[in-house]
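Structure first, then comments.
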Amino acid sequence: MSDLQQLYQTIILEHAKARHGAVELTPLADAIAIGTASGLRVAESHQINTTCGDEVTLRVSLDTETVTDLVWTGEGCSISQASASILTDTLRGLSTTEARALLDNFREMLRSRGKIEPDEEILGDAAAFGGVSRYPARVKCAMLPWVAFEAALIDAESR
Amino acid sequence: MTSFAPSSAISPAHAAQHPQLAPLINIDVERIRNDFPVLHQTVNGHPLVYLDSGATSQNPISVMEAEQEYYEQRNAAVHRGAHTLAVEATEGFEAARDKVAAFVGAKTDEIVWTSNATEAINLLAYSFSNASLGLGGPAARRFSLGTGDEIVVTEMEHHANLIPWQQLAQRTGATLRFIPVFDDGSLDLLAAAAIVGQHTKLLAFTHGSNVTGTINPVAELVALARKVGALVVLDACQTVPHLPVDVKALDVDFAVFSGHKMLGPTGIGALYGRAELLADMPPFLTGGSMITTVDMHTAEFLAPPQRFEAGTQRISQAIALAAAVDYLSETGMDRVAAWEAQLGQRLVAGVAEISGVRLLGQGLGVERLGLAAVDVAGVHAHDVGQFLDDAGIAVRVGHHCAQPLHRRLGVTASTRASTYLYNTTDEVDLFLATLAEVAPFFGVKP
């Protein structure tokens with residue numbers, strides 16, 4: 001497989017098209033009110049990659065300690081969009097502790113410049129982004145939704 | 001003392017070697033390429049195809065040598081100190097100003113050095129802002145803006161020729177208006193005639209679009225401004241490097257351009273201003289080297305251009321830029337323009353042949369700069385750029401600092417190939433062939 005095929009693995013191109021969890025977001029205030037009524041804490045974060053204009057808004061719903069739902073909207077390159085899609089599949093249903101551990105693992109792998117082999121046991125489909133770590137200019141694209149998740153999680157926990 | 005000029009004028013031998021009237025052909029371009037070491041390398045296993053000169057151009061050896069020679073032999077602060085090196089540095093610095101001024105048809109004292117075109121526009125905006133606060137006295141009142149006054153720009157501006165005016169409007173209470181563009185990216189001149197009116201104090205527009213390659217009708221726009229007494233600011237970043245530009249013939253009040261887009265180093269740009277206007281403008285940056293007398297409460301300022309050049313200047317960059325101007329003049333700007341026009345048309349013709357790829361701007365046959373920005377249906381520009389980079393082809397992806405124009409054209413980002421005198425027709429063809437492979441690779445059906 002060429003470096004380019006490593007970067008754009010089939011699973012990434014498929015997720016970029018399938019966009020799991022991508023919805024037209026309702027107004028945040030409404031989502032917060034509906035969440036509160038059913039005992040959920042809802043928050044979102046909007047992140048922009050200024051280099052290329054990728055955008056992701058990711059909304060997190062939490063019960064006491066579980067990420068019960070993740071939805072997002074955005075546009076951008078296949079790496080950022082696939083990353084958001086895979087993120088929702090990977091993190092939904094995890095405890096906040098598990099989600100944070102996975103996020104840390106994902107970030108460490110991406111920042112390794114290809115030195116850390118992705119651990120499929122831990123990362124699941126997100127391991128497909130291993131090829132991205134050799135392209136420093138694209139690490140931000142892959143991280144964008146995860147940074148949004150991190151910020152939204154902190155916000156949701158404070159509610 | 002040896003006299004020091006950045007480099008000699010056109011030598012007879014060189015002129016014989018490069019007859020000014022013979023059009024450039026690929027063989028000449030191959031010779032030109034030998035002067036640019038950076039072009040001779042492989043990227044990702046392929047020979048580098050550099051198609052991002054609209055963002056920044058490469059430097060010929062003569063430019064790098066001029067900068068090195070300055071540091072090896074003349075380095076000193078200019079316009080201060082009586083020692084020999086200081087005198088030689090000052091001579092080189094001012095000879096560079098002569099050369100760059102002549103290159104764009106200006107008088108020497110009408111060229112102000114800046115860090116880049118962005119700073120040149122900010123210099124204007126902050127000078128006008130200061131005038132609006134009463135600085136510069138009655139003479140500067142012509143630059144004063146306030147409620148009811150209008151600044152007019154176009155929808156195709158680079159952010160550098162938009163945001164400084166937005167900010168100036170916010171500081172002064174003036175209103176910012178814009179001339180819209182059509183779907184093909186060309187300026188709506190009927191709308192322009194309706195928008196530029198008695199309240200217009202300033203009309204700022206780009207000579208050539210860095211996205212669509214459109215060359216704006218300067219004469220028509222200047223005529224609109226003259227009718228209402230508005231000042232004209234021309235963003236010439238994409239034209240001074242690529243076309244013969246004469247600011248007097250264009251009859252604009254101000255023009256800006258950047259050194260790094262015209263074979264020069266980064267960190268140097270220029271503001272052209274009509275002498276009588278610069279003479280009445282209050283300074284933007286203040287401090288050393290721009291004053292005559294200073295007491296603890298007030299200062300008297302030097303005449304332009306020194307009034308606008310506070311602090312130690314970009315001496316090596318100015319001298320290197322003059323070497324770049326020599327290189328362009330010796331090649332001949334007419335020939336450069338004709339060559340790039342040919343490359344531009346080749347790009348446009350080739351893009352039209354690829355299904356699922358849309359050209360931003362006007363199509364084949366319309367005069368344009370030697371660049372083309374495209375949208376590949378179903379593939380984000382960043383991915384297109386990655387695919388091209390894998391083949392050694394360097395292009396710009398994103399909004400090219402022109403978000404409003406991209407929004408108007410219905411895209412968030414595009415992929416731009418921009419040529420210069422060192423690009424060959426083979427390189428353009430390779431770009432086009434590789435561009436055609438993008439959609440299949442990403443599984444998009446045309």
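Naming works like this for the structure tokens: A, B, ... for the chains as they're shown, residue 1 at the start of each chain, ligands 1 onward in shown order.
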
Within stretch 177-414 of chain B, find each residue whose DSSP state, derived from the backbone, is strand (DSSP E), and express the selection as a PyMOL selection string.
chain B and resi 177-179+200-206+231-235+254-258+269-273+291-294+299-301+357-360+371-376+393-394+396-398+414

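With only C-alpha atoms taken into account, chain A has Leu4, Leu13, Thr51, Cys52, Gly53, Gly76, Cys77 and Ser78 of chain A at most 8 Å from chain B.
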
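Going from atom CA of B:Ser129 over to atom CA of B:Leu277, you cover 14.9 Å.
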
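For B:Lys261, the residues within 7 Å (counting only C-alpha atoms, excluding itself and residues fewer than 3 positions away along the chain) are Ser53, Gly54, Ala55, Thr56, Ser57, Pro241, Ser258 and Gly264 of chain B.
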
Residue subset to file, keeping C-alpha atoms, as an mmCIF file, in the first residue's frame:
data_model
loop_
_atom_site.group_PDB
_atom_site.id
_atom_site.type_symbol
_atom_site.label_atom_id
_atom_site.label_comp_id
_atom_site.auth_asym_id
_atom_site.auth_seq_id
_atom_site.Cartn_x
_atom_site.Cartn_y
_atom_site.Cartn_z
ATOM 1 C CA SER B 53 3.786 31.212 -6.926
ATOM 2 C CA GLY B 54 0.568 33.127 -6.287
ATOM 3 C CA ALA B 55 1.243 32.465 -2.605
ATOM 4 C CA THR B 56 4.994 32.922 -2.721
ATOM 5 C CA SER B 57 7.477 32.785 -5.573
ATOM 6 C CA PRO B 241 5.086 40.290 -10.388
ATOM 7 C CA SER B 258 4.876 42.247 -1.939
ATOM 8 C CA GLY B 264 12.247 38.564 -3.904
#

Please list as an MDAnalysis selection string every residue within 8 Å of B:Ala77, counting only C-alpha atoms and excluding residues in the same chain fewer than 2 positions away.
chainID B and resid 75 79:81 86 89:90 312:313

Selection export as a CSV table (one decimal), in the first residue's frame, atoms kept: N, CA and C atoms:
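The resulting file, selection_36.csv, is shown below:
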chain,number,residue,atom,x,y,z
B,75,ASN,N,26.9,45.3,5.6
B,75,ASN,CA,25.9,45.4,6.6
B,75,ASN,C,26.1,46.6,7.6
B,79,HIS,N,20.8,55.4,6.9
B,79,HIS,CA,20.4,56.8,7.3
B,79,HIS,C,20.8,57.2,8.7
B,80,ARG,N,21.9,56.7,9.1
B,80,ARG,CA,22.5,57.1,10.4
B,80,ARG,C,23.9,56.7,10.4
B,81,GLY,N,24.8,57.4,11.1
B,81,GLY,CA,26.2,57.0,11.1
B,81,GLY,C,26.9,57.5,9.9
B,86,ALA,N,28.1,52.3,6.7
B,86,ALA,CA,26.8,52.9,6.8
B,86,ALA,C,26.4,53.7,5.5
B,89,ALA,N,25.7,51.0,2.8
B,89,ALA,CA,24.4,50.4,3.0
B,89,ALA,C,23.3,51.3,2.6
B,90,THR,N,23.4,52.6,3.0
B,90,THR,CA,22.4,53.6,2.6
B,90,THR,C,22.3,53.7,1.1
B,312,THR,N,14.8,50.6,12.4
B,312,THR,CA,15.8,50.1,11.4
B,312,THR,C,15.1,49.3,10.3
B,313,GLN,N,15.5,49.6,9.1
B,313,GLN,CA,14.7,49.1,7.9
B,313,GLN,C,15.1,47.7,7.5

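Nearest-residue note for A:Thr36: choosing from A:Leu62, A:Ala127, A:Ile86, A:Met1, the minimum distance belongs to A:Leu62, counting only C-alpha atoms.
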
B:Ala120: which residues within 12 Å, counting only C-alpha atoms, same-chain residues fewer than 6 positions away excluded, as a PyMOL selection string?
chain B and resi 111-114+126-127+160-161+164+233-237+254-259+267-273+284-285+308-309

Near stretch 57-61 of chain A, within 9 Å and counting only C-alpha atoms, which residues show up once chain neighbours fewer than 4 positions away are dropped, as an MDAnalysis selection string?
chainID A and resid 25 28 32 35 40:48 66:74 84 145:146 148:149 152:153 156

Just the helix (DSSP H, G or I) stuff from stretch 1-158 of chain A, please, per backbone DSSP, written as number ranges by chain.
A: 3-7, 10-18, 28-37, 78-91, 96-110, 120-134, 136-157
